[in-house]
Each structure stands twice: as C-alpha cells, then as structure tokens.
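Just below is one structure, and these are the notes that go with it.
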Amino acid sequence: MGQDKVVKSPPRLAFVKTWFVPSRVVNLCFVIVLVCSTVLTWREVIVMKGAYVVSQRNALDNVANVLDRQMQVGIDRLLFFRNGMQSAVQTPLAFDVLRNIQAEFEQERILPYWQIGLDNRRTLPLYGVSDYFVGQSASLSRDNPLLHNELTAAMELGYLFRFSSSATMFPRRALYVSRAGFFISTLPVGNNNEIVQHYYQYLTSPWFTGQSERENKLRGVRWFSDEAHEVSLADSMVTASVPLDYQNYWYGVLSMSFPVSSMKALLTEARQSQDKGEYQLYDAQFALLTTTAEHGTAGQQFSSEERAQLKREMAKDTAGGLRLGTRFVSWEKLKHFEGSVLRIQTLREGLRGDFGSISIALALLWLLFTTMLLLSWGVIRRMVSNMFQLQHTLQWQAWYDPLTRLNNRGALFERARTLTNECAAQNLPLSVIQIDLDHFKRVNDRFGHQAGDLVLSYAAGLIGKSIREQDVAGRVGGEEFCVLLPGATLADATAVAEKIRQRISGKEIFVQKSKTIRVTASLGVCSAQESGNYDFEHLQSVADSRLYQAKNNGRNQVCAEDGVSPLPNT
C-alpha cells in the first residue's frame, strides 16, 4: 500500500500509558512502605543486638573482676612469701632458736625421714628426707653453702603461713618444697611415714617441674590445673607456683593451691541475682574447672567443633563474644590467672530478660504493622482497581460508540486533528474514506430497529477488520462511517475501500431466526495529496461528495474521483 511509514505516539507518552497503571502505583507505594518499615525494624534489632552484647560483656566483666581481684590477692601473697624467703636466705635472723634448727638438721639429715618443729602454735614444722634420698636424684642437692640459711628462712616462712591462715580466700594448701630434701606445708602430714611419699609427690608435680630453669626461663608465676577436675570438680584445685632463686641458684618452689569449689562460690556470689546466664571457668588448656550450674546438672556442653571455634576466637583477643546455635557465649581472659571465664546464655534465658521482652514486643509490633499494611493494601488496591475500571468505562463511553464500538464523532474529529497535523508537519500522505450503508431505512422499516442495530454492529466489525492498526474508524451518523488513513495514498485508500465494500456486500446477516439479508455500501475516497489541503473537515466533505456520486451511479461502489455533481439522494 504505497508508503508504509506510520505516525506513532511520542515514546514518553507510550511509556506513561504502559507503566502508569494505578494498581502498579499502589503496589509500588506499599512495597516501599513495607521495605522502609522492615529496614527501620531491622536497624532497631541491630541496635538491640549491640546493646545485648554490651550487657553480656558488662555482666561477664563484673564477675571476672571479682574473681581476678581474689586471685591477685593470692598471687601478691605468694610473691610476698618469695621476697621474704630471699631476704631471709641473704640475711638470716641471729636467733638461738634458729641456730638450734640448724644443729638439729645436722643430726636428723641421715634419717630416712624427719621432722623439725618448734612451737606448733606459732609456726609450722619442717619435713624432710635423708641424704641418701637426695643423692639418688640429679635434681636434688644439699651442697649449697647457704643450706642453713634456707632452713631458717623456711622456718620463718612457717610463721608467715600461720599468720596468714585466717586471711580471706587463703588457699587450701601453701607449700615450700626445697631441692635440698625438705618441705613446709600448711596441711600437716598425718603420719611421719608419709613424709617421703609426700615429698616425692611434690617433686613430680607439674607445678614443681614446670619451675625449672629450662621450663620457666622468665622465673615468674605459673598456673597449673589439678588433673582431678577431670574426675570431680568438687575436689579439684588450681595451683600457682613461683621459683625461689638467689644468686643464680634455684633453691625450690613456693606454691599455693586454690580449691575450685571456692572459685565456684566466688562466681556464684559475683553473679547478680537477676542474671540467668551460666558462668564457666577454664584453664589455659581450655579444660573446664568449674561452672555455676546448679548441683546435679551438667551445665552447658560444647561439641568438638564448637570448642575448636571458641579456641580460634579466644586466641585472637582477650575478650569477645560468639553465637553458637541458640547460645551466646562471651569470654574474658583473667589477668592474674592463666585461664578464662565464659558466660553462656541460651535463647530461652535471653528471651526471659529485658532485652528479650523488648525484642519480642518489637517483633510483634512489626508483625502487627505488616498485617495491617497488607490488609490496607488489599482494600486500597481493590478500591483503586474498581475506580480505574469505572474511569476506563466512562472514558470508553466518552470516546466510543457503544453500538458499533468504533470512535464516536467527537473522538474521531479529535484524533483526526492530531493525525492531520502530524502528517502535514512530516509531509506524509493522508486519506479519508466516507462510508454509507445503502437503503438502510428499509431495513429498519421492514425488520425493526433491533435488526438495524445488528446490521450497523456487523458492518462496523467488518470495517475494523479491513483497516490497519494505525488507521482510525468512526461512526459519524446513523448509518454513516468515516475512516482516516494516515500515511496512505489515494490508491492505497481506494484499495481499502474496495475491500470494505466487498466484505459488506458478500456477507449475509441474520436479522431474525430464519431470515437473512444482504446490505451494500457506497464509499467515497479522498486524499490530501490531491490539493495539498490537510484540513480534515475539507477532506471529509470531498469524500462525502464522492460518496453521493457513488450512490447516484448505482450504489454498492467506490468513488475516488470527482465527476458530474451528484443529485440529491431520494
């Protein structure tokens, strides 16, 4: 059909028509509100999580400080004893009673085991083994020229042990074990026959062997866990020991053993009454020493994977927190003890606390808001959809003929004005077809107006199927139609008109149950290229004149040229 260029709507207008759908706008608005409310709620959750972690750390820090202060008291006392013994070895007291101890030692040293004591109400006795026992071990020696000074220093230490026995958190056992074959202990030996056994046990203990010059080059305090914790937490102890050195000679080891049961009591007392978390104390090898779990319960247990994960995290920092499943674990390493305190709180315990209550309330508020938002979205979306359908119906009724479903006269002229301006601006061809059904009055008179309406509707459908998408067809009168063809030449429009004529005349229309009729149409065609005039009313007038010429020439034909002036239709 001649030139095939199409006059299209502006891209921006097409985009608006495609995307500016009220239901989509409502959906977008509610999605934005839901996302914003969720983000704000999540932000509050993050803030609550940070506050919860801080609260856990603060609770743990308070308990750890209490335990650390008590351990520091014991360490300070242990260092005080070592400093006192070093001074006594260097400058012993010139008391006759101390010199008597040295004389008594010379008499007793050859015995398999011996005991030297003064007033047991003021000091503690010395327990020792024979020269033969000392000679059998390469780590023991009595050849030190200051041996007598060490003996008197140990006796002075016995006085200090007695004076300190009533101090708070005093360890269950304080010891000095000498490499010269004797020891002094706050726990008396029940039977002298057990002296050798006790001394041998002390020599082979980790807290003694671990203080050798090779094992402890820094010569500082070291902590050791009693292996009994693997069997019974109630009987286990942790021991702090420090070597006694003077003039580059290792004399022996001072040690203090702290009962784990006392540590558990400290943990329990330091924990606040409303604190529902469990506290656990671990040594440097991450072995459990004690827990605040109630008697008869095993407390929180960690799997091998969880223990490995905790060890990795604890190796990175002295304090921190970690979530393990439904449990939150915070830890802090003690300053005066080679170990760590852990605080474990389960999800159930957390929900029972203040932060849990606030979190539940926050979640319920978000859920309530989201539910109301979804209900509102459903109601508003339905209302908007109904209003849009109503608006669309009213708009359709304002622009289209309800019987033929083609553009009505006003819509046709409105669209024709836009298309003629665009074609004129782009110098494109433009054609008009005027259509009138022949002898339509006879159909109404013979079969009734209902049959006439059926004929009009059927003819309009045939017209709509015969034109292109960009063409515009409309009903301009009772049985009169008009088609506007942008981009079509006169020959193109004539071919379309002929197609419409053939389709209308070639169809039988059922007007009643057993009656069919055939109708014909006369068509007039006009093009703006003929005169260069793009005025739609002028083109319609020329096409209408040619339509009447077709009627005067016998009807059921297409007229695209001016001839003899047509006579009035009778």
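Residue numbers start at 1 in each chain; chains themselves are named A, B, ... in the order of the structure tokens; ligands are numbered from 1 in the order shown.
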Long-range neighbours of range 195-211 of chain A as a JSON list (two decimals) with N, CA and C atoms, in the first residue's frame, 8 Å cut-off, only C-alpha atoms, 4 positions minimum in chain:
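Heads up, here's the output in out39.json:
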[["chain", "number", "residue", "atom", "x", "y", "z"],
["A", 112, "PRO", "N", 65.85, -41.66, 107.33],
["A", 112, "PRO", "CA", 65.02, -41.79, 106.12],
["A", 112, "PRO", "C", 63.99, -40.67, 106.00],
["A", 113, "TYR", "N", 63.44, -40.26, 107.11],
["A", 113, "TYR", "CA", 62.51, -39.12, 107.12],
["A", 113, "TYR", "C", 62.60, -38.48, 108.49],
["A", 114, "TRP", "N", 62.31, -37.20, 108.55],
["A", 114, "TRP", "CA", 62.47, -36.48, 109.80],
["A", 114, "TRP", "C", 61.54, -35.27, 109.84],
["A", 127, "TYR", "N", 59.48, -30.77, 107.21],
["A", 127, "TYR", "CA", 59.51, -32.20, 106.94],
["A", 127, "TYR", "C", 60.63, -32.46, 105.94],
["A", 128, "GLY", "N", 61.39, -33.53, 106.13],
["A", 128, "GLY", "CA", 62.49, -33.79, 105.23],
["A", 128, "GLY", "C", 62.79, -35.25, 105.02],
["A", 129, "VAL", "N", 63.69, -35.50, 104.08],
["A", 129, "VAL", "CA", 64.13, -36.86, 103.76],
["A", 129, "VAL", "C", 65.63, -36.96, 103.98],
["A", 177, "VAL", "N", 58.68, -26.23, 98.74],
["A", 177, "VAL", "CA", 59.38, -27.51, 98.52],
["A", 177, "VAL", "C", 60.80, -27.18, 98.08],
["A", 181, "GLY", "N", 65.79, -31.37, 99.93],
["A", 181, "GLY", "CA", 65.22, -32.54, 100.59],
["A", 181, "GLY", "C", 64.31, -32.22, 101.73],
["A", 182, "PHE", "N", 63.65, -31.09, 101.79],
["A", 182, "PHE", "CA", 62.69, -30.81, 102.85],
["A", 182, "PHE", "C", 61.57, -29.94, 102.28],
["A", 183, "PHE", "N", 60.48, -29.84, 103.04],
["A", 183, "PHE", "CA", 59.33, -29.02, 102.62],
["A", 183, "PHE", "C", 58.59, -28.55, 103.86],
["A", 189, "VAL", "N", 51.30, -33.23, 107.83],
["A", 189, "VAL", "CA", 51.41, -34.64, 107.45],
["A", 189, "VAL", "C", 50.90, -35.48, 108.61],
["A", 191, "ASN", "N", 51.01, -38.74, 109.25],
["A", 191, "ASN", "CA", 51.89, -39.79, 109.74],
["A", 191, "ASN", "C", 53.28, -39.55, 109.16],
["A", 215, "GLU", "N", 62.19, -24.88, 81.99],
["A", 215, "GLU", "CA", 60.75, -24.75, 81.74],
["A", 215, "GLU", "C", 60.24, -23.33, 81.97],
["A", 216, "ASN", "N", 60.87, -22.62, 82.91],
["A", 216, "ASN", "CA", 60.41, -21.27, 83.24],
["A", 216, "ASN", "C", 61.60, -20.32, 83.18],
["A", 219, "ARG", "N", 61.17, -16.99, 85.08],
["A", 219, "ARG", "CA", 61.16, -17.13, 86.54],
["A", 219, "ARG", "C", 59.98, -16.39, 87.18],
["A", 222, "ARG", "N", 53.51, -19.16, 87.51],
["A", 222, "ARG", "CA", 52.83, -20.01, 86.54],
["A", 222, "ARG", "C", 51.67, -20.73, 87.23],
["A", 223, "TRP", "N", 50.63, -21.03, 86.41],
["A", 223, "TRP", "CA", 49.44, -21.68, 86.93],
["A", 223, "TRP", "C", 49.36, -23.12, 86.39],
["A", 224, "PHE", "N", 48.86, -23.99, 87.22],
["A", 224, "PHE", "CA", 48.72, -25.39, 86.83],
["A", 224, "PHE", "C", 47.38, -25.91, 87.36],
["A", 239, "THR", "N", 46.77, -24.56, 91.01],
["A", 239, "THR", "CA", 47.96, -24.22, 91.79],
["A", 239, "THR", "C", 48.76, -23.15, 91.08],
["A", 240, "ALA", "N", 49.15, -22.12, 91.85],
["A", 240, "ALA", "CA", 50.07, -21.10, 91.37],
["A", 240, "ALA", "C", 51.42, -21.34, 92.05],
["A", 241, "SER", "N", 52.47, -21.35, 91.25],
["A", 241, "SER", "CA", 53.79, -21.60, 91.83],
["A", 241, "SER", "C", 54.79, -20.61, 91.25],
["A", 242, "VAL", "N", 55.87, -20.38, 92.06],
["A", 242, "VAL", "CA", 56.92, -19.46, 91.65],
["A", 242, "VAL", "C", 58.25, -20.01, 92.17],
["A", 243, "PRO", "N", 59.30, -19.91, 91.40],
["A", 243, "PRO", "CA", 60.58, -20.46, 91.88],
["A", 243, "PRO", "C", 61.24, -19.52, 92.88],
["A", 253, "VAL", "N", 60.59, -24.28, 95.22],
["A", 253, "VAL", "CA", 59.35, -23.75, 94.64],
["A", 253, "VAL", "C", 58.37, -23.43, 95.75],
["A", 255, "SER", "N", 54.38, -22.57, 96.34],
["A", 255, "SER", "CA", 53.12, -22.81, 95.62],
["A", 255, "SER", "C", 51.93, -22.56, 96.53]]
Non-local contacts of Leu373 in chain A (10 Å; only C-alpha atoms; under 6 positions in same chain excluded) as an MDAnalysis selection string: chainID A and resid 30:31 33:34 367 379
Generate a file of the selected residues that holds C-alpha atoms, formatted as a PDB file, in the first residue's frame.
ATOM      1  CA  PHE A  30       3.077  -0.293  49.664  1.00  0.00           C
ATOM      2  CA  VAL A  31       6.286  -2.150  48.806  1.00  0.00           C
ATOM      3  CA  VAL A  33       6.443   1.387  52.947  1.00  0.00           C
ATOM      4  CA  LEU A  34       6.978  -2.297  53.798  1.00  0.00           C
ATOM      5  CA  LEU A 367       4.136  -8.163  62.606  1.00  0.00           C
ATOM      6  CA  VAL A 379      -8.560  -2.909  50.378  1.00  0.00           C
TER       7      VAL A 379
END
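Proximity to Val66 in chain A was assessed for A:Leu362, A:Val341, A:Arg307, A:Leu288 counting only C-alpha atoms; the smallest distance is recorded for A:Val341.
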Strand (DSSP E or B) positions in range 431-558 of chain A, given as an MDAnalysis selection string: chainID A and resid 431:437 472:475 480:486 509:510 516:517 521:527 558
Write out the residues from the selection above, keeping N, CA and C atoms, as a PDB file, in the first residue's frame.
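And here's result.pdb as it stands now:
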ATOM      1  N   SER A 431      -5.378  10.042   3.796  1.00  0.00           N
ATOM      2  CA  SER A 431      -6.596   9.790   3.017  1.00  0.00           C
ATOM      3  C   SER A 431      -7.773   9.584   3.953  1.00  0.00           C
ATOM      4  N   VAL A 432      -8.982   9.837   3.385  1.00  0.00           N
ATOM      5  CA  VAL A 432     -10.227   9.703   4.139  1.00  0.00           C
ATOM      6  C   VAL A 432     -11.204   8.878   3.311  1.00  0.00           C
ATOM      7  N   ILE A 433     -11.880   7.934   3.984  1.00  0.00           N
ATOM      8  CA  ILE A 433     -12.934   7.139   3.347  1.00  0.00           C
ATOM      9  C   ILE A 433     -14.238   7.433   4.061  1.00  0.00           C
ATOM     10  N   GLN A 434     -15.239   7.810   3.293  1.00  0.00           N
ATOM     11  CA  GLN A 434     -16.580   8.062   3.813  1.00  0.00           C
ATOM     12  C   GLN A 434     -17.471   6.891   3.375  1.00  0.00           C
ATOM     13  N   ILE A 435     -18.197   6.286   4.317  1.00  0.00           N
ATOM     14  CA  ILE A 435     -18.966   5.070   4.044  1.00  0.00           C
ATOM     15  C   ILE A 435     -20.413   5.297   4.465  1.00  0.00           C
ATOM     16  N   ASP A 436     -21.344   4.827   3.619  1.00  0.00           N
ATOM     17  CA  ASP A 436     -22.769   4.922   3.935  1.00  0.00           C
ATOM     18  C   ASP A 436     -23.436   3.642   3.474  1.00  0.00           C
ATOM     19  N   LEU A 437     -24.222   3.007   4.382  1.00  0.00           N
ATOM     20  CA  LEU A 437     -24.939   1.788   4.036  1.00  0.00           C
ATOM     21  C   LEU A 437     -26.133   2.116   3.137  1.00  0.00           C
ATOM     22  N   VAL A 472      -7.858   5.017  11.757  1.00  0.00           N
ATOM     23  CA  VAL A 472      -8.897   5.394  12.714  1.00  0.00           C
ATOM     24  C   VAL A 472     -10.243   5.347  12.011  1.00  0.00           C
ATOM     25  N   ALA A 473     -11.173   4.567  12.594  1.00  0.00           N
ATOM     26  CA  ALA A 473     -12.524   4.460  12.033  1.00  0.00           C
ATOM     27  C   ALA A 473     -13.519   4.970  13.058  1.00  0.00           C
ATOM     28  N   GLY A 474     -14.577   5.608  12.586  1.00  0.00           N
ATOM     29  CA  GLY A 474     -15.577   6.129  13.491  1.00  0.00           C
ATOM     30  C   GLY A 474     -16.943   6.209  12.850  1.00  0.00           C
ATOM     31  N   ARG A 475     -17.964   6.263  13.713  1.00  0.00           N
ATOM     32  CA  ARG A 475     -19.354   6.438  13.249  1.00  0.00           C
ATOM     33  C   ARG A 475     -19.698   7.907  13.376  1.00  0.00           C
ATOM     34  N   GLU A 480     -23.727   6.087   8.760  1.00  0.00           N
ATOM     35  CA  GLU A 480     -22.588   6.651   8.034  1.00  0.00           C
ATOM     36  C   GLU A 480     -21.317   6.511   8.883  1.00  0.00           C
ATOM     37  N   PHE A 481     -20.236   6.077   8.217  1.00  0.00           N
ATOM     38  CA  PHE A 481     -18.958   5.852   8.870  1.00  0.00           C
ATOM     39  C   PHE A 481     -17.870   6.617   8.136  1.00  0.00           C
ATOM     40  N   CYS A 482     -16.757   6.839   8.870  1.00  0.00           N
ATOM     41  CA  CYS A 482     -15.614   7.533   8.273  1.00  0.00           C
ATOM     42  C   CYS A 482     -14.333   6.853   8.739  1.00  0.00           C
ATOM     43  N   VAL A 483     -13.390   6.709   7.805  1.00  0.00           N
ATOM     44  CA  VAL A 483     -12.100   6.078   8.109  1.00  0.00           C
ATOM     45  C   VAL A 483     -10.990   7.032   7.723  1.00  0.00           C
ATOM     46  N   LEU A 484     -10.069   7.269   8.647  1.00  0.00           N
ATOM     47  CA  LEU A 484      -8.916   8.134   8.416  1.00  0.00           C
ATOM     48  C   LEU A 484      -7.678   7.252   8.316  1.00  0.00           C
ATOM     49  N   LEU A 485      -6.923   7.418   7.188  1.00  0.00           N
ATOM     50  CA  LEU A 485      -5.777   6.550   6.924  1.00  0.00           C
ATOM     51  C   LEU A 485      -4.496   7.381   6.822  1.00  0.00           C
ATOM     52  N   PRO A 486      -3.769   7.576   7.931  1.00  0.00           N
ATOM     53  CA  PRO A 486      -2.507   8.327   7.869  1.00  0.00           C
ATOM     54  C   PRO A 486      -1.441   7.521   7.137  1.00  0.00           C
ATOM     55  N   ILE A 509     -26.489 -11.442   6.755  1.00  0.00           N
ATOM     56  CA  ILE A 509     -26.640 -11.103   8.166  1.00  0.00           C
ATOM     57  C   ILE A 509     -27.964 -11.665   8.653  1.00  0.00           C
ATOM     58  N   PHE A 510     -27.932 -12.450   9.741  1.00  0.00           N
ATOM     59  CA  PHE A 510     -29.146 -12.965  10.362  1.00  0.00           C
ATOM     60  C   PHE A 510     -29.802 -11.840  11.156  1.00  0.00           C
ATOM     61  N   THR A 516     -32.293 -13.899   6.652  1.00  0.00           N
ATOM     62  CA  THR A 516     -31.017 -13.220   6.453  1.00  0.00           C
ATOM     63  C   THR A 516     -31.193 -12.155   5.398  1.00  0.00           C
ATOM     64  N   ILE A 517     -30.355 -11.141   5.487  1.00  0.00           N
ATOM     65  CA  ILE A 517     -30.385 -10.072   4.482  1.00  0.00           C
ATOM     66  C   ILE A 517     -28.953  -9.753   4.092  1.00  0.00           C
ATOM     67  N   ALA A 521     -22.857  -1.043   0.504  1.00  0.00           N
ATOM     68  CA  ALA A 521     -22.381   0.264   0.977  1.00  0.00           C
ATOM     69  C   ALA A 521     -21.790   1.034  -0.188  1.00  0.00           C
ATOM     70  N   SER A 522     -21.958   2.317  -0.115  1.00  0.00           N
ATOM     71  CA  SER A 522     -21.350   3.236  -1.083  1.00  0.00           C
ATOM     72  C   SER A 522     -20.226   3.967  -0.355  1.00  0.00           C
ATOM     73  N   LEU A 523     -19.077   4.135  -1.042  1.00  0.00           N
ATOM     74  CA  LEU A 523     -17.891   4.708  -0.401  1.00  0.00           C
ATOM     75  C   LEU A 523     -17.289   5.797  -1.252  1.00  0.00           C
ATOM     76  N   GLY A 524     -16.897   6.856  -0.577  1.00  0.00           N
ATOM     77  CA  GLY A 524     -16.186   7.952  -1.237  1.00  0.00           C
ATOM     78  C   GLY A 524     -14.803   8.101  -0.630  1.00  0.00           C
ATOM     79  N   VAL A 525     -13.788   8.274  -1.499  1.00  0.00           N
ATOM     80  CA  VAL A 525     -12.397   8.324  -1.075  1.00  0.00           C
ATOM     81  C   VAL A 525     -11.794   9.648  -1.484  1.00  0.00           C
ATOM     82  N   CYS A 526     -10.996  10.229  -0.564  1.00  0.00           N
ATOM     83  CA  CYS A 526     -10.323  11.496  -0.848  1.00  0.00           C
ATOM     84  C   CYS A 526      -8.938  11.465  -0.204  1.00  0.00           C
ATOM     85  N   SER A 527      -7.951  12.158  -0.810  1.00  0.00           N
ATOM     86  CA  SER A 527      -6.594  12.207  -0.291  1.00  0.00           C
ATOM     87  C   SER A 527      -6.114  13.644  -0.213  1.00  0.00           C
ATOM     88  N   VAL A 558     -17.294   2.185  -5.132  1.00  0.00           N
ATOM     89  CA  VAL A 558     -16.329   3.121  -4.555  1.00  0.00           C
ATOM     90  C   VAL A 558     -16.064   4.222  -5.567  1.00  0.00           C
TER      91      VAL A 558
END
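The closest residue to Tyr249 in chain A, picked from A:Gln86, A:Ser457, A:Gly158, A:Thr318 and counting only C-alpha atoms, is A:Gln86.
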